[in-house]
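A quick write-up on the structure given underneath.
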Amino acid sequence: MILKQSPSLKRYFSEVLDQAWEEALMEVREDYPQIEFPDLWKFSLNVDVLLSEKFCLEFC
């Protein structure tokens, strides 16, 4: 994975996560209007945790 090969990208990833979440929300809400997705990212912002943990919202 690119982040493992270039550790300096970890900081950039953290900086753009909020914007990426907002863009993903717009798309997924169109495809799944019956599901309420959280407006804000509620999981860890630690890149290592994000790359190693399985995440599930309430509906999983």
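In the structure tokens, the first chain shown is A, the next is B, and so on; residue numbers restart at 1 for each chain, and ligands run from 1 in the order shown.
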
Spatial neighbours of A:Phe37, 9 Å, only C-alpha atoms, chain gap at least 2 places, as a tab-separated table (two decimals) with N, CA and C atoms, in the first residue's frame:
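Full text of part.tsv as output:
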chain	number	residue	atom	x	y	z
A	25	LEU	N	-19.85	10.61	1.74
A	25	LEU	CA	-21.22	10.70	2.25
A	25	LEU	C	-22.21	11.12	1.17
A	28	VAL	N	-22.73	7.97	-1.06
A	28	VAL	CA	-23.38	6.82	-0.42
A	28	VAL	C	-24.80	7.16	0.01
A	29	ARG	N	-25.05	8.38	0.38
A	29	ARG	CA	-26.42	8.77	0.75
A	29	ARG	C	-27.35	8.73	-0.44
A	35	ILE	N	-30.63	4.62	4.88
A	35	ILE	CA	-29.68	4.46	5.98
A	35	ILE	C	-29.16	5.83	6.42
A	39	ASP	N	-22.74	12.33	10.14
A	39	ASP	CA	-22.17	13.48	9.44
A	39	ASP	C	-20.67	13.59	9.64
A	40	LEU	N	-20.21	13.20	10.80
A	40	LEU	CA	-18.78	13.31	11.13
A	40	LEU	C	-18.17	11.93	11.28
A	57	LEU	N	-20.43	0.48	10.95
A	57	LEU	CA	-21.42	1.37	11.54
A	57	LEU	C	-22.50	0.52	12.18

Residues of chain A classed as helix (DSSP H, G or I) by DSSP on the backbone are to be reported as a VMD selection string.
chain A and resid 2 to 5 9 to 31 47 to 52

Distance in Å - atom CA of A:Ser8 versus atom CA of A:Trp41
22.4 Å

Who sits within 12 Å of A:Leu50, only C-alpha atoms, same chain under 2 positions skipped, as a ChimeraX atom specification:
/A:3,10,13-14,17,41-48,52-56

Would you mind listing what lies within 12 Å of A:Met26 as a PyMOL selection string, with only C-alpha atoms counted and same-chain residues fewer than 4 positions away left out?
chain A and resi 19-22+30-33+36-39
